[in-house]
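Below is my_file_5.csv, holding CSV, C-alpha atoms.
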chain,number,residue,atom,x,y,z
T,1,MET,CA,118.1,107.4,99.2
T,2,ILE,CA,115.3,110.0,99.7
T,3,THR,CA,117.3,112.5,97.7
T,4,PHE,CA,116.5,110.5,94.6
T,5,ASN,CA,112.7,111.0,95.2
T,6,TYR,CA,113.2,114.8,95.7
T,7,MET,CA,115.3,115.1,92.6
T,8,VAL,CA,112.8,113.3,90.4
T,9,SER,CA,109.9,115.3,91.7
T,10,PHE,CA,111.6,118.6,91.1
T,11,PHE,CA,112.6,117.3,87.6
T,12,LEU,CA,109.0,116.5,86.9
T,13,ILE,CA,107.9,120.0,88.0
T,14,VAL,CA,110.5,121.7,85.7
T,15,LEU,CA,109.6,119.4,82.8
T,16,GLY,CA,105.9,120.2,83.1
T,17,LEU,CA,106.7,123.9,83.2
T,18,TYR,CA,108.8,123.6,80.1
T,19,CYS,CA,105.9,121.8,78.3
T,20,ILE,CA,103.4,124.5,79.2
T,21,ILE,CA,105.7,127.4,78.1
T,22,THR,CA,107.2,126.2,74.9
T,23,LYS,CA,104.7,124.0,73.1
T,24,TYR,CA,102.3,125.2,70.5
T,25,ASN,CA,99.8,122.3,70.6
T,26,LEU,CA,97.0,122.7,73.1
T,27,VAL,CA,97.0,119.0,74.1
T,28,LYS,CA,100.7,119.1,74.9
T,29,THR,CA,100.0,122.1,77.2
T,30,VAL,CA,97.4,120.0,79.0
T,31,ILE,CA,99.9,117.1,79.4
T,32,GLY,CA,102.4,119.6,80.9
T,33,MET,CA,99.8,120.6,83.5
T,34,SER,CA,99.2,117.0,84.5
T,35,VAL,CA,102.9,116.2,84.7
T,36,MET,CA,103.4,119.2,87.1
T,37,ASP,CA,100.5,117.8,89.3
T,38,TYR,CA,102.2,114.4,89.5
T,39,GLY,CA,105.5,116.0,90.5
T,40,VAL,CA,103.9,117.9,93.3
T,41,ASN,CA,102.1,114.8,94.6
T,42,LEU,CA,105.4,112.8,94.7
T,43,LEU,CA,107.0,115.6,96.6
T,44,ILE,CA,104.2,115.7,99.3
T,45,ILE,CA,104.4,111.9,99.9
T,46,SER,CA,108.2,111.8,100.0
T,47,ILE,CA,108.3,114.4,102.8
T,48,GLY,CA,106.7,112.1,105.3
T,49,PHE,CA,109.2,109.2,104.9
T,50,HIS,CA,111.1,107.8,107.9
T,51,PRO,CA,114.0,105.5,106.9
T,52,GLY,CA,113.1,102.0,108.0
T,53,GLY,CA,109.5,102.6,108.7
T,54,THR,CA,106.5,100.5,107.6
T,55,ALA,CA,103.1,101.4,106.2
T,56,PRO,CA,100.8,102.9,108.9
T,57,ILE,CA,98.3,100.0,109.0
T,58,PHE,CA,97.8,97.8,112.0
T,59,THR,CA,97.9,94.5,110.2
T,60,PRO,CA,97.3,91.6,112.6
T,61,GLY,CA,100.3,89.4,112.0
T,62,GLU,CA,103.1,91.6,110.7
T,63,LEU,CA,104.1,94.0,113.5
T,64,ASN,CA,107.0,93.2,115.8
T,65,PRO,CA,108.3,95.2,118.8
T,66,THR,CA,110.8,97.2,116.7
T,67,SER,CA,108.5,98.5,113.9
T,68,PHE,CA,107.6,102.2,113.6
T,69,PHE,CA,105.3,104.0,111.2
T,70,VAL,CA,105.9,106.6,108.5
T,71,ASP,CA,103.9,109.8,108.6
T,72,PRO,CA,100.3,109.1,107.6
T,73,ILE,CA,99.1,112.7,107.2
T,74,PRO,CA,100.8,113.6,103.9
T,75,GLN,CA,99.4,110.4,102.4
T,76,ALA,CA,95.9,111.5,103.3
T,77,LEU,CA,96.4,114.9,101.7
T,78,THR,CA,97.8,113.4,98.6
T,79,LEU,CA,94.7,111.4,98.0
T,80,THR,CA,92.6,114.6,97.7
T,81,SER,CA,95.3,116.2,95.5
T,82,ILE,CA,95.3,113.4,93.0
T,83,VAL,CA,91.5,113.6,92.5
T,84,ILE,CA,91.7,117.4,92.1
T,85,GLY,CA,94.4,117.0,89.5
T,86,ALA,CA,92.3,114.5,87.5
T,87,CYS,CA,89.3,117.0,87.6
T,88,VAL,CA,91.4,119.8,86.3
T,89,THR,CA,92.7,117.6,83.5
T,90,ALA,CA,89.2,116.5,82.5
T,91,MET,CA,87.8,120.1,82.5
T,92,SER,CA,90.7,121.4,80.4
T,93,LEU,CA,90.4,118.5,77.9
T,94,ALA,CA,86.7,119.3,77.5
T,95,LEU,CA,87.7,123.0,76.7
T,96,VAL,CA,90.2,121.8,74.2
T,97,ILE,CA,87.6,119.7,72.4
T,98,ARG,CA,85.3,122.7,72.1
T,99,ILE,CA,88.1,125.0,70.9
T,100,GLU,CA,88.9,122.5,68.1
T,101,GLU,CA,85.3,122.4,67.0
T,102,SER,CA,85.0,126.2,67.1
T,103,TYR,CA,88.3,127.2,65.5
T,104,GLY,CA,89.2,124.2,63.4
T,105,THR,CA,92.8,124.0,64.6
T,106,LEU,CA,94.8,123.3,67.7
T,107,ASP,CA,97.7,125.6,67.1
T,108,THR,CA,97.9,128.5,69.5
T,109,ARG,CA,99.6,130.8,67.0
T,110,GLU,CA,96.6,130.3,64.6
T,111,ILE,CA,94.0,130.8,67.3
T,112,ARG,CA,95.5,134.0,68.5
T,113,ARG,CA,95.3,135.3,64.9
T,114,LEU,CA,91.8,134.2,64.2
T,115,ARG,CA,90.0,135.7,67.2
T,116,GLY,CA,86.7,133.9,67.0
V,1,MET,CA,73.6,102.5,60.3
V,2,GLN,CA,77.2,103.5,60.6
V,3,GLU,CA,78.3,104.6,64.1
V,4,ASN,CA,80.0,107.9,64.5
V,5,ASN,CA,83.6,107.3,65.6
V,6,HIS,CA,85.2,110.4,64.1
V,7,GLY,CA,87.1,108.4,61.5
V,8,ASP,CA,89.2,106.6,64.0
V,9,PRO,CA,90.3,103.2,62.6
V,10,MET,CA,90.8,101.7,66.1
V,11,LEU,CA,87.1,102.0,67.0
V,12,GLU,CA,85.7,100.7,63.8
V,13,SER,CA,84.4,97.2,63.6
V,14,PRO,CA,81.9,95.4,61.5
V,15,GLU,CA,78.5,95.6,63.1
V,16,ILE,CA,75.3,93.6,62.5
V,17,THR,CA,71.8,94.4,63.4
V,18,ARG,CA,69.8,92.1,65.6
V,19,ASN,CA,66.4,92.8,67.1
V,20,GLY,CA,66.7,96.4,66.0
V,21,ARG,CA,69.9,97.0,68.0
V,22,THR,CA,73.4,97.2,66.5
V,23,VAL,CA,75.8,94.9,68.2
V,24,LYS,CA,79.5,94.2,67.6
V,25,ASN,CA,80.9,90.9,66.4
V,26,VAL,CA,81.2,87.8,68.5
V,27,ILE,CA,84.9,88.0,69.5
V,28,GLN,CA,84.7,91.5,71.0
V,29,ARG,CA,81.4,90.9,72.8
V,30,CYS,CA,82.6,87.6,74.4
V,31,GLY,CA,86.0,88.9,75.3
V,32,CYS,CA,84.3,91.8,77.1
V,33,ASP,CA,81.8,89.6,78.8
V,34,LYS,CA,84.4,87.2,80.2
V,35,VAL,CA,86.6,89.9,81.8
V,36,LEU,CA,83.8,92.1,83.1
V,37,PRO,CA,82.7,90.1,86.2
V,38,LEU,CA,86.3,89.8,87.3
V,39,ALA,CA,86.8,93.6,87.1
V,40,LEU,CA,83.5,94.3,88.9
V,41,VAL,CA,84.3,91.9,91.8
V,42,TYR,CA,87.7,93.5,92.1
V,43,VAL,CA,86.3,97.0,92.4
V,44,ALA,CA,83.8,95.8,95.0
V,45,TYR,CA,86.5,94.1,97.1
V,46,ILE,CA,88.7,97.2,97.1
V,47,ILE,CA,85.8,99.4,98.2
V,48,LEU,CA,84.5,97.2,100.9
V,49,HIS,CA,87.8,96.5,102.6
V,50,GLY,CA,88.9,100.2,102.8
V,51,HIS,CA,89.4,100.3,106.6
V,52,LEU,CA,91.2,97.0,106.9
V,53,SER,CA,93.8,97.1,104.1
V,54,PRO,CA,95.1,99.7,101.6
V,55,GLY,CA,92.1,100.8,99.6
V,56,GLY,CA,88.9,102.7,100.2
V,57,GLY,CA,86.5,104.8,98.3
V,58,PHE,CA,88.7,106.8,96.0
V,59,GLN,CA,90.9,103.9,94.9
V,60,GLY,CA,88.0,101.7,94.1
V,61,GLY,CA,86.0,104.3,92.4
V,62,ILE,CA,88.7,105.3,89.9
V,63,LEU,CA,88.9,101.7,88.7
V,64,MET,CA,85.4,102.2,87.2
V,65,VAL,CA,87.1,104.0,84.3
V,66,ALA,CA,88.5,100.6,83.1
V,67,VAL,CA,85.0,99.1,83.3
V,68,VAL,CA,83.5,101.8,81.2
V,69,LEU,CA,86.2,101.6,78.5
V,70,LEU,CA,85.8,97.8,78.5
V,71,VAL,CA,82.0,98.0,77.9
V,72,TYR,CA,82.5,100.7,75.3
V,73,LEU,CA,85.0,98.7,73.3
V,74,GLY,CA,83.1,95.5,73.6
V,75,HIS,CA,79.5,96.7,73.0
V,76,GLY,CA,79.6,99.8,70.9
V,77,HIS,CA,78.3,103.3,71.0
V,78,GLU,CA,74.5,102.9,71.4
V,79,GLU,CA,74.7,99.9,73.8
V,80,SER,CA,77.0,101.8,76.2
V,81,ARG,CA,74.6,104.7,76.3
V,82,ARG,CA,71.7,102.3,76.9
V,83,LEU,CA,73.5,100.5,79.7
V,84,PHE,CA,75.1,103.4,81.6
V,85,LEU,CA,72.4,106.1,81.3
V,86,PRO,CA,74.8,109.1,81.7
V,87,GLU,CA,72.0,111.6,82.5
V,88,VAL,CA,70.8,109.5,85.4
V,89,MET,CA,74.4,109.0,86.6
V,90,HIS,CA,74.8,112.8,86.7
V,91,HIS,CA,71.8,113.2,89.1
V,92,ALA,CA,72.9,110.2,91.2
V,93,GLU,CA,76.2,111.9,91.9
V,94,GLY,CA,74.4,114.7,93.6
V,95,ALA,CA,72.5,112.2,95.7
V,96,ALA,CA,75.8,110.5,96.8
V,97,LEU,CA,77.1,113.9,98.0
V,98,ILE,CA,73.9,114.5,99.9
V,99,PHE,CA,74.3,111.1,101.5
V,100,TYR,CA,77.8,112.0,102.6
V,101,ILE,CA,76.7,115.2,104.2
V,102,LEU,CA,73.9,113.5,106.0
V,103,ILE,CA,76.3,111.0,107.6
V,104,ALA,CA,78.7,113.9,108.5
V,105,MET,CA,75.8,115.6,110.3
V,106,VAL,CA,75.1,112.5,112.5
V,107,GLY,CA,77.8,113.8,114.8
V,108,VAL,CA,76.1,117.2,115.2
V,109,LEU,CA,72.7,115.6,115.9
V,110,GLY,CA,74.3,113.4,118.5
V,111,GLY,CA,75.9,116.2,120.4
V,112,SER,CA,79.5,116.3,119.1
V,113,VAL,CA,81.5,117.8,116.3
V,114,VAL,CA,80.9,117.3,112.6
V,115,CYS,CA,82.2,114.0,111.2
V,116,ALA,CA,82.3,112.4,114.7
V,117,ASN,CA,82.3,108.6,114.9
V,118,ILE,CA,79.5,107.7,117.1
V,119,LEU,CA,77.6,105.1,115.1
V,120,GLY,CA,77.9,101.4,115.7
V,121,LEU,CA,81.6,100.6,116.2
V,122,GLY,CA,82.1,96.9,115.7
V,123,GLY,CA,85.0,94.8,116.8
V,124,ILE,CA,88.5,95.5,115.7
V,125,GLY,CA,89.2,93.8,112.4
V,126,ALA,CA,85.6,93.0,111.5
V,127,LEU,CA,84.1,93.9,108.2
V,128,PHE,CA,81.4,96.2,109.5
V,129,SER,CA,83.7,98.1,112.0
V,130,GLY,CA,84.6,101.7,112.0
V,131,GLY,CA,81.2,103.3,112.4
V,132,THR,CA,80.8,106.3,110.1
V,133,ILE,CA,84.1,105.5,108.2
V,134,PHE,CA,82.5,102.6,106.4
V,135,TRP,CA,79.4,104.5,105.3
V,136,MET,CA,81.4,107.6,104.3
V,137,GLY,CA,83.6,105.4,102.2
V,138,GLN,CA,80.7,103.9,100.4
V,139,ALA,CA,79.3,107.4,99.7
V,140,VAL,CA,82.6,108.7,98.3
V,141,ALA,CA,83.0,105.5,96.2
V,142,PHE,CA,79.6,106.0,94.6
V,143,ASP,CA,80.4,109.6,94.0
V,144,VAL,CA,83.7,108.9,92.2
V,145,MET,CA,82.3,106.0,90.2
V,146,THR,CA,79.4,108.0,88.7
V,147,ALA,CA,81.7,111.0,88.1
V,148,SER,CA,84.2,108.8,86.2
V,149,ILE,CA,81.4,107.2,84.1
V,150,VAL,CA,80.1,110.7,83.1
V,151,LEU,CA,83.5,112.0,82.3
V,152,VAL,CA,84.7,109.1,80.2
V,153,LEU,CA,81.4,108.9,78.3
V,154,GLY,CA,81.4,112.6,77.7
V,155,MET,CA,84.8,112.5,76.1
V,156,LEU,CA,83.8,109.7,73.9
V,157,GLY,CA,80.9,111.6,72.5
V,158,VAL,CA,78.1,109.5,74.0
V,159,LEU,CA,76.4,112.6,75.7
V,160,LEU,CA,75.7,114.3,72.4
V,161,VAL,CA,72.0,114.9,71.7
V,162,SER,CA,71.7,115.7,68.0
V,163,ASP,CA,68.9,115.5,65.6
V,164,ALA,CA,71.2,115.6,62.6
V,165,HIS,CA,72.0,111.9,62.9
V,166,SER,CA,72.5,110.6,59.4
V,167,GLY,CA,72.9,112.4,56.2
V,168,LYS,CA,74.9,115.3,57.6
Q,1,MET,CA,116.0,135.5,72.1
Q,2,LYS,CA,112.8,134.1,73.6
Q,3,ALA,CA,114.3,130.5,73.5
Q,4,PHE,CA,117.5,131.7,75.2
Q,5,LEU,CA,115.5,133.5,78.0
Q,6,THR,CA,113.3,130.4,78.5
Q,7,TRP,CA,116.3,128.1,78.9
Q,8,VAL,CA,118.1,130.5,81.3
Q,9,CYS,CA,115.1,130.8,83.5
Q,10,LEU,CA,114.4,127.1,83.6
Q,11,GLY,CA,118.1,126.5,84.3
Q,12,ILE,CA,118.1,128.8,87.3
Q,13,LEU,CA,114.9,127.1,88.5
Q,14,ALA,CA,116.4,123.7,88.1
Q,15,VAL,CA,119.6,124.6,90.0
Q,16,ALA,CA,117.6,126.2,92.8
Q,17,PHE,CA,115.5,123.0,93.1
Q,18,ALA,CA,118.5,120.8,93.1
Q,19,VAL,CA,120.1,122.8,96.0
Q,20,SER,CA,116.8,122.6,98.0
Q,21,ALA,CA,116.5,118.9,97.3
Q,22,ILE,CA,120.0,118.2,98.8
Q,23,THR,CA,119.2,120.5,101.7
Q,24,MET,CA,115.9,118.9,102.4
Q,25,SER,CA,117.4,115.4,102.5
Q,26,HIS,CA,119.3,116.3,105.6
Q,27,PHE,CA,116.3,117.3,107.7
Q,28,GLU,CA,114.9,115.1,110.5
Q,29,PRO,CA,111.8,113.0,109.7
Q,30,THR,CA,108.5,114.8,110.3
Q,31,TYR,CA,107.1,112.1,112.5
Q,32,ALA,CA,109.7,110.3,114.5
Q,33,GLY,CA,108.0,109.9,117.9
Q,34,GLU,CA,111.1,111.0,119.8
Q,35,ASP,CA,109.5,112.8,122.7
Q,36,ALA,CA,106.9,110.0,123.4
Q,37,PRO,CA,108.1,107.0,121.4
Q,38,VAL,CA,105.1,105.0,120.3
Q,39,SER,CA,105.5,101.3,120.4
Q,40,VAL,CA,103.0,100.3,117.7
Q,41,TYR,CA,103.3,96.6,118.6
Q,42,GLU,CA,102.0,97.1,122.2
Q,43,LEU,CA,99.5,99.5,120.9
Q,44,GLN,CA,98.0,96.9,118.6
Q,45,GLN,CA,97.9,94.3,121.4
Q,46,ASP,CA,96.3,96.6,123.9
Q,47,PRO,CA,94.6,99.6,122.2
Q,48,ALA,CA,93.3,101.2,125.5
Q,49,SER,CA,96.8,101.9,126.8
Q,50,TYR,CA,97.4,105.2,124.9
Q,51,ASP,CA,98.4,108.3,126.7
Q,52,ASP,CA,98.7,111.6,124.8
Q,53,SER,CA,100.4,113.6,127.6
Q,54,ARG,CA,103.7,113.8,125.7
Q,55,THR,CA,102.9,113.3,122.0
Q,56,ASP,CA,105.0,114.4,119.1
Q,57,GLY,CA,102.5,116.4,117.2
Q,58,ALA,CA,99.4,115.6,115.2
Q,59,ALA,CA,100.7,112.4,113.6
Q,60,GLY,CA,101.7,111.0,117.0
Q,61,ALA,CA,98.3,111.7,118.5
Q,62,ILE,CA,96.5,110.2,115.6
Q,63,VAL,CA,98.5,107.0,115.6
Q,64,GLN,CA,98.0,106.5,119.3
Q,65,GLN,CA,94.2,107.2,119.3
Q,66,ASN,CA,93.3,105.5,116.1
Q,67,LEU,CA,92.6,102.0,117.3
Q,68,GLU,CA,90.7,103.1,120.4
Q,69,LYS,CA,88.4,105.8,118.9
Q,70,THR,CA,87.7,104.2,115.5
Q,71,HIS,CA,88.0,100.4,115.4
Q,72,ALA,CA,89.6,100.6,112.0
Q,73,LEU,CA,93.0,99.1,111.2
Q,74,ASN,CA,93.9,101.6,108.4
Q,75,ASP,CA,95.3,104.9,109.6
Q,76,VAL,CA,95.1,106.7,106.3
Q,77,THR,CA,91.4,105.9,105.8
Q,78,SER,CA,90.5,107.0,109.3
Q,79,ILE,CA,92.4,110.3,108.7
Q,80,VAL,CA,90.6,110.9,105.4
Q,81,PHE,CA,87.1,110.1,106.6
Q,82,ASP,CA,87.1,110.7,110.4
Q,83,PHE,CA,89.7,113.1,111.6
Q,84,ARG,CA,89.7,115.3,108.5
Q,85,GLY,CA,86.3,114.6,107.0
Q,86,TYR,CA,85.8,118.3,105.9
Q,87,ASP,CA,88.6,118.1,103.4
Q,88,THR,CA,86.9,115.1,101.7
Q,89,MET,CA,83.6,117.0,101.5
Q,90,GLY,CA,85.4,119.9,99.8
Q,91,GLU,CA,87.0,117.5,97.4
Q,92,SER,CA,83.6,116.1,96.5
Q,93,PHE,CA,82.4,119.5,95.7
Q,94,VAL,CA,85.3,120.0,93.3
Q,95,LEU,CA,84.4,116.7,91.7
Q,96,ILE,CA,80.8,117.7,91.1
Q,97,THR,CA,81.8,121.1,89.7
Q,98,ALA,CA,84.2,119.5,87.2
Q,99,VAL,CA,81.6,117.0,86.1
Q,100,THR,CA,78.9,119.6,85.7
Q,101,GLY,CA,81.3,121.7,83.6
Q,102,VAL,CA,82.0,118.7,81.3
Q,103,VAL,CA,78.3,117.9,80.9
Q,104,VAL,CA,77.6,121.6,80.0
Q,105,LEU,CA,80.5,121.7,77.5
Q,106,LEU,CA,80.1,118.3,75.8
Q,107,GLY,CA,76.4,117.6,76.0
Q,108,GLY,CA,73.4,119.2,74.5
Q,109,LYS,CA,72.5,119.7,70.9
Q,110,ARG,CA,75.4,120.1,68.6
Q,111,GLU,CA,76.0,119.0,65.0
Q,112,LYS,CA,77.9,115.8,64.6
Q,113,LYS,CA,81.0,116.2,62.6
Q,114,GLU,CA,81.4,114.3,59.3
Q,115,GLU,CA,84.2,111.8,59.2
Q,116,ALA,CA,85.9,113.2,56.2
Q,117,LYS,CA,87.0,116.4,57.8
Q,118,ASP,CA,90.5,117.6,57.3
Q,119,HIS,CA,92.1,118.4,60.7
Q,120,ALA,CA,94.4,121.4,60.5
Q,121,GLY,CA,97.2,122.0,62.8
Q,122,GLU,CA,98.0,118.5,63.8
What would the structure in this file look like if it were written as structure tokens?
Amino acid sequence: MITFNYMVSFFLIVLGLYCIITKYNLVKTVIGMSVMDYGVNLLIISIGFHPGGTAPIFTPGELNPTSFFVDPIPQALTLTSIVIGACVTAMSLALVIRIEESYGTLDTREIRRLRG
Amino acid sequence: MQENNHGDPMLESPEITRNGRTVKNVIQRCGCDKVLPLALVYVAYIILHGHLSPGGGFQGGILMVAVVLLVYLGHGHEESRRLFLPEVMHHAEGAALIFYILIAMVGVLGGSVVCANILGLGGIGALFSGGTIFWMGQAVAFDVMTASIVLVLGMLGVLLVSDAHSGK
Amino acid sequence: MKAFLTWVCLGILAVAFAVSAITMSHFEPTYAGEDAPVSVYELQQDPASYDDSRTDGAAGAIVQQNLEKTHALNDVTSIVFDFRGYDTMGESFVLITAVTGVVVLLGGKREKKEEAKDHAGE
């Protein structure tokens, strides 16, 4: 059951890497970076799973003598990682906007040839 | 009198001038005004109950992106700049970070480690429980809300200061 | 040639990831509470009855001490803001840096583009 989570997260990482390597449009490169971030976040959360456990919150009326928690520490680390991924995406998109205004095109083959 | 939306057909809408301000037409304005209080109350609920149920500062602050987009689509380019004041929001973000550091230093002044929880701990399950967790959550929520406002409005072109407004 | 090399490298990477995914799914859970099994039901009824003499690592110690030290019901929030508050401060610094960079790049005096501009390289 948890193998499915691991497989999907590794598939997302490889897909993001493929988008960064082989695409000529700058916006698609930025999308590939974001997809890699989401794959890594999914992997971090899936590591702390315990089959049959509940969420680590002491709700007043839902715990019974046989419940146990999943690991709460990877969830706290993933919160920070999500925000950092969003910041990197915003900064790279601002750079893409300025590149488009300065060079007039978003094709990396053209930009390498123009050189400012 | 034509707003600059970079030729995007989805952002165009017929505008009228009233009292010297350009506003959008009735359907867009009223649709935005009916949904906006619901969204704001939802954001406040998620931020305030961070230590009792899933939520907290980050999750509530990132919902502000939806509020900014709603106001931009419902009220237009100039109105959203007049409502949100992105330059003031940028300075307020620094103030939120200083507030967070001050609360983290409360532990040091009280004779313990950084980020210690020695303020008023309420009863278990009450709204104002958790000591410094509650106030740190509010500081981080304010930080993320102002950051998302500045980021979204920057991408939409509201931060531009240009003196070549019309006729260029 | 370049496309062939790209596909070969990504294929090797995908196979290695699949093998590691299958191997990782046979590991034990990271927080199982086996040395000192935490009964979370009794912990909720009586928060002062924790003993960290035989805990199972950092997660076990945090789950046992959370209700007594911080009267907050949410474990994840108390980890983010109380037990590991330094990481949240560092993340706030990253947020401010990113927003300052965006304001410097996209603000200021620039010429507004005309609407009838042909976009090359779509």
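Here atom CA of Val71 of chain V stands at a distance of 6.7 Å from atom CA of Cys32 of chain V.
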Do a neighbour search on Gly137 of chain V at 8 Å with only C-alpha atoms, toss out local chain neighbours closer than 2 positions, and write the hits as a PDB file with C-alpha atoms, in the coordinates of the input.
ATOM      1  CA  ILE V  47      85.800  99.400  98.200  1.00  0.00           C
ATOM      2  CA  GLY V  50      88.900 100.200 102.800  1.00  0.00           C
ATOM      3  CA  GLY V  56      88.900 102.700 100.200  1.00  0.00           C
ATOM      4  CA  GLY V  57      86.500 104.800  98.300  1.00  0.00           C
ATOM      5  CA  ILE V 133      84.100 105.500 108.200  1.00  0.00           C
ATOM      6  CA  PHE V 134      82.500 102.600 106.400  1.00  0.00           C
ATOM      7  CA  TRP V 135      79.400 104.500 105.300  1.00  0.00           C
ATOM      8  CA  ALA V 139      79.300 107.400  99.700  1.00  0.00           C
ATOM      9  CA  VAL V 140      82.600 108.700  98.300  1.00  0.00           C
ATOM     10  CA  ALA V 141      83.000 105.500  96.200  1.00  0.00           C
TER      11      ALA V 141
ATOM     12  CA  PHE Q  81      87.100 110.100 106.600  1.00  0.00           C
TER      13      PHE Q  81
END
Non-local contacts of Ser67 of chain T (12 Å; all atoms listed in the file; under 6 positions in same chain excluded) as a ChimeraX atom specification = /T:50-59 /Q:32,37-44
Could the residues of chain V within 9 Å of chain T, counting all atoms listed in the file, be given as a list in words, please?
-> Leu52, Ser53, Pro54, Phe58, Gln59, Gly125, Leu151, Val152, Gly154 and Met155 of chain V
Please, which residues in chain Q fall within 8 Å of chain T when counting only C-alpha atoms, and what is the closest atom pair and distance in Å to one decimal for each, ordered by chain then residue number, as a tab-separated table?
residue	atom	partner	partner_atom	distance
Q:Leu10	CA	T:Val14	CA	7.0
Q:Leu13	CA	T:Val14	CA	7.5
Q:Ala14	CA	T:Val14	CA	6.7
Q:Phe17	CA	T:Phe10	CA	6.2
Q:Ala18	CA	T:Met7	CA	6.6
Q:Ala21	CA	T:Tyr6	CA	5.5
Q:Ile22	CA	T:Thr3	CA	6.4
Q:Ser25	CA	T:Thr3	CA	5.6
Q:Pro29	CA	T:His50	CA	5.5
Q:Thr30	CA	T:Gly48	CA	6.0
Q:Tyr31	CA	T:Asp71	CA	5.5
Q:Ala32	CA	T:His50	CA	7.2
Q:Val38	CA	T:Phe68	CA	7.7
Q:Ser39	CA	T:Pro65	CA	6.9
Q:Val40	CA	T:Phe68	CA	6.4
Q:Tyr41	CA	T:Pro65	CA	5.2
Q:Glu42	CA	T:Pro65	CA	7.4
Q:Gln44	CA	T:Phe58	CA	6.7
Q:Ala59	CA	T:Asp71	CA	6.5
Q:Leu73	CA	T:Phe58	CA	5.0
Q:Asn74	CA	T:Ile57	CA	4.7
Q:Asp75	CA	T:Ile57	CA	5.8
Q:Val76	CA	T:Ala76	CA	5.7
Q:Thr77	CA	T:Ala76	CA	7.6
Q:Ile79	CA	T:Ala76	CA	6.5
Q:Val80	CA	T:Ala76	CA	5.7
Q:Asp87	CA	T:Thr80	CA	7.8
Q:Thr88	CA	T:Thr80	CA	7.0
Q:Glu91	CA	T:Thr80	CA	6.3
Q:Val94	CA	T:Ile84	CA	7.0
Q:Leu95	CA	T:Cys87	CA	6.4
Q:Ala98	CA	T:Cys87	CA	5.7
Q:Val99	CA	T:Met91	CA	7.8
Q:Gly101	CA	T:Met91	CA	6.8
Q:Val102	CA	T:Ala94	CA	6.1
Q:Leu105	CA	T:Ala94	CA	6.6
Q:Leu106	CA	T:Ala94	CA	6.9
Q:His119	CA	T:Thr105	CA	6.9
Q:Ala120	CA	T:Thr105	CA	5.1
Q:Gly121	CA	T:Thr105	CA	5.2
Q:Glu122	CA	T:Leu106	CA	7.0
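The interatomic distance for the pair atom CA of Thr146 of chain V and atom CA of His91 of chain V works out to 9.2 Å.
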In terms of only C-alpha atoms, the residue from V:Ile27, V:Leu127, V:Ile101, V:Leu85 at minimal distance from Val68 of chain V is V:Leu85
Since the input lacks atoms, please generate N, CA and C atoms for segment 57-68 of chain V and provide them as a tab-separated table (two decimals), in the frame of the given file.
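Wrote selection_37.tsv, looks like this:
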chain	number	residue	atom	x	y	z
V	57	GLY	N	87.41	104.31	99.31
V	57	GLY	CA	86.50	104.80	98.30
V	57	GLY	C	87.11	105.32	97.06
V	58	PHE	N	88.15	106.15	97.19
V	58	PHE	CA	88.70	106.80	96.00
V	58	PHE	C	89.37	105.76	95.10
V	59	GLN	N	90.17	104.88	95.69
V	59	GLN	CA	90.90	103.90	94.90
V	59	GLN	C	90.03	102.98	94.12
V	60	GLY	N	88.92	102.56	94.75
V	60	GLY	CA	88.00	101.70	94.10
V	60	GLY	C	87.18	102.36	93.03
V	61	GLY	N	86.82	103.63	93.31
V	61	GLY	CA	86.00	104.30	92.40
V	61	GLY	C	86.66	104.67	91.08
V	62	ILE	N	87.97	104.89	91.12
V	62	ILE	CA	88.70	105.30	89.90
V	62	ILE	C	88.91	104.09	89.01
V	63	LEU	N	88.76	102.86	89.55
V	63	LEU	CA	88.90	101.70	88.70
V	63	LEU	C	87.69	101.53	87.76
V	64	MET	N	86.62	102.31	88.03
V	64	MET	CA	85.40	102.20	87.20
V	64	MET	C	85.72	102.70	85.77
V	65	VAL	N	86.78	103.51	85.61
V	65	VAL	CA	87.10	104.00	84.30
V	65	VAL	C	87.46	102.80	83.37
V	66	ALA	N	88.17	101.82	83.92
V	66	ALA	CA	88.50	100.60	83.10
V	66	ALA	C	87.27	99.87	82.71
V	67	VAL	N	86.28	99.79	83.61
V	67	VAL	CA	85.00	99.10	83.30
V	67	VAL	C	84.29	99.77	82.18
V	68	VAL	N	84.23	101.10	82.24
V	68	VAL	CA	83.50	101.80	81.20
V	68	VAL	C	84.17	101.67	79.85
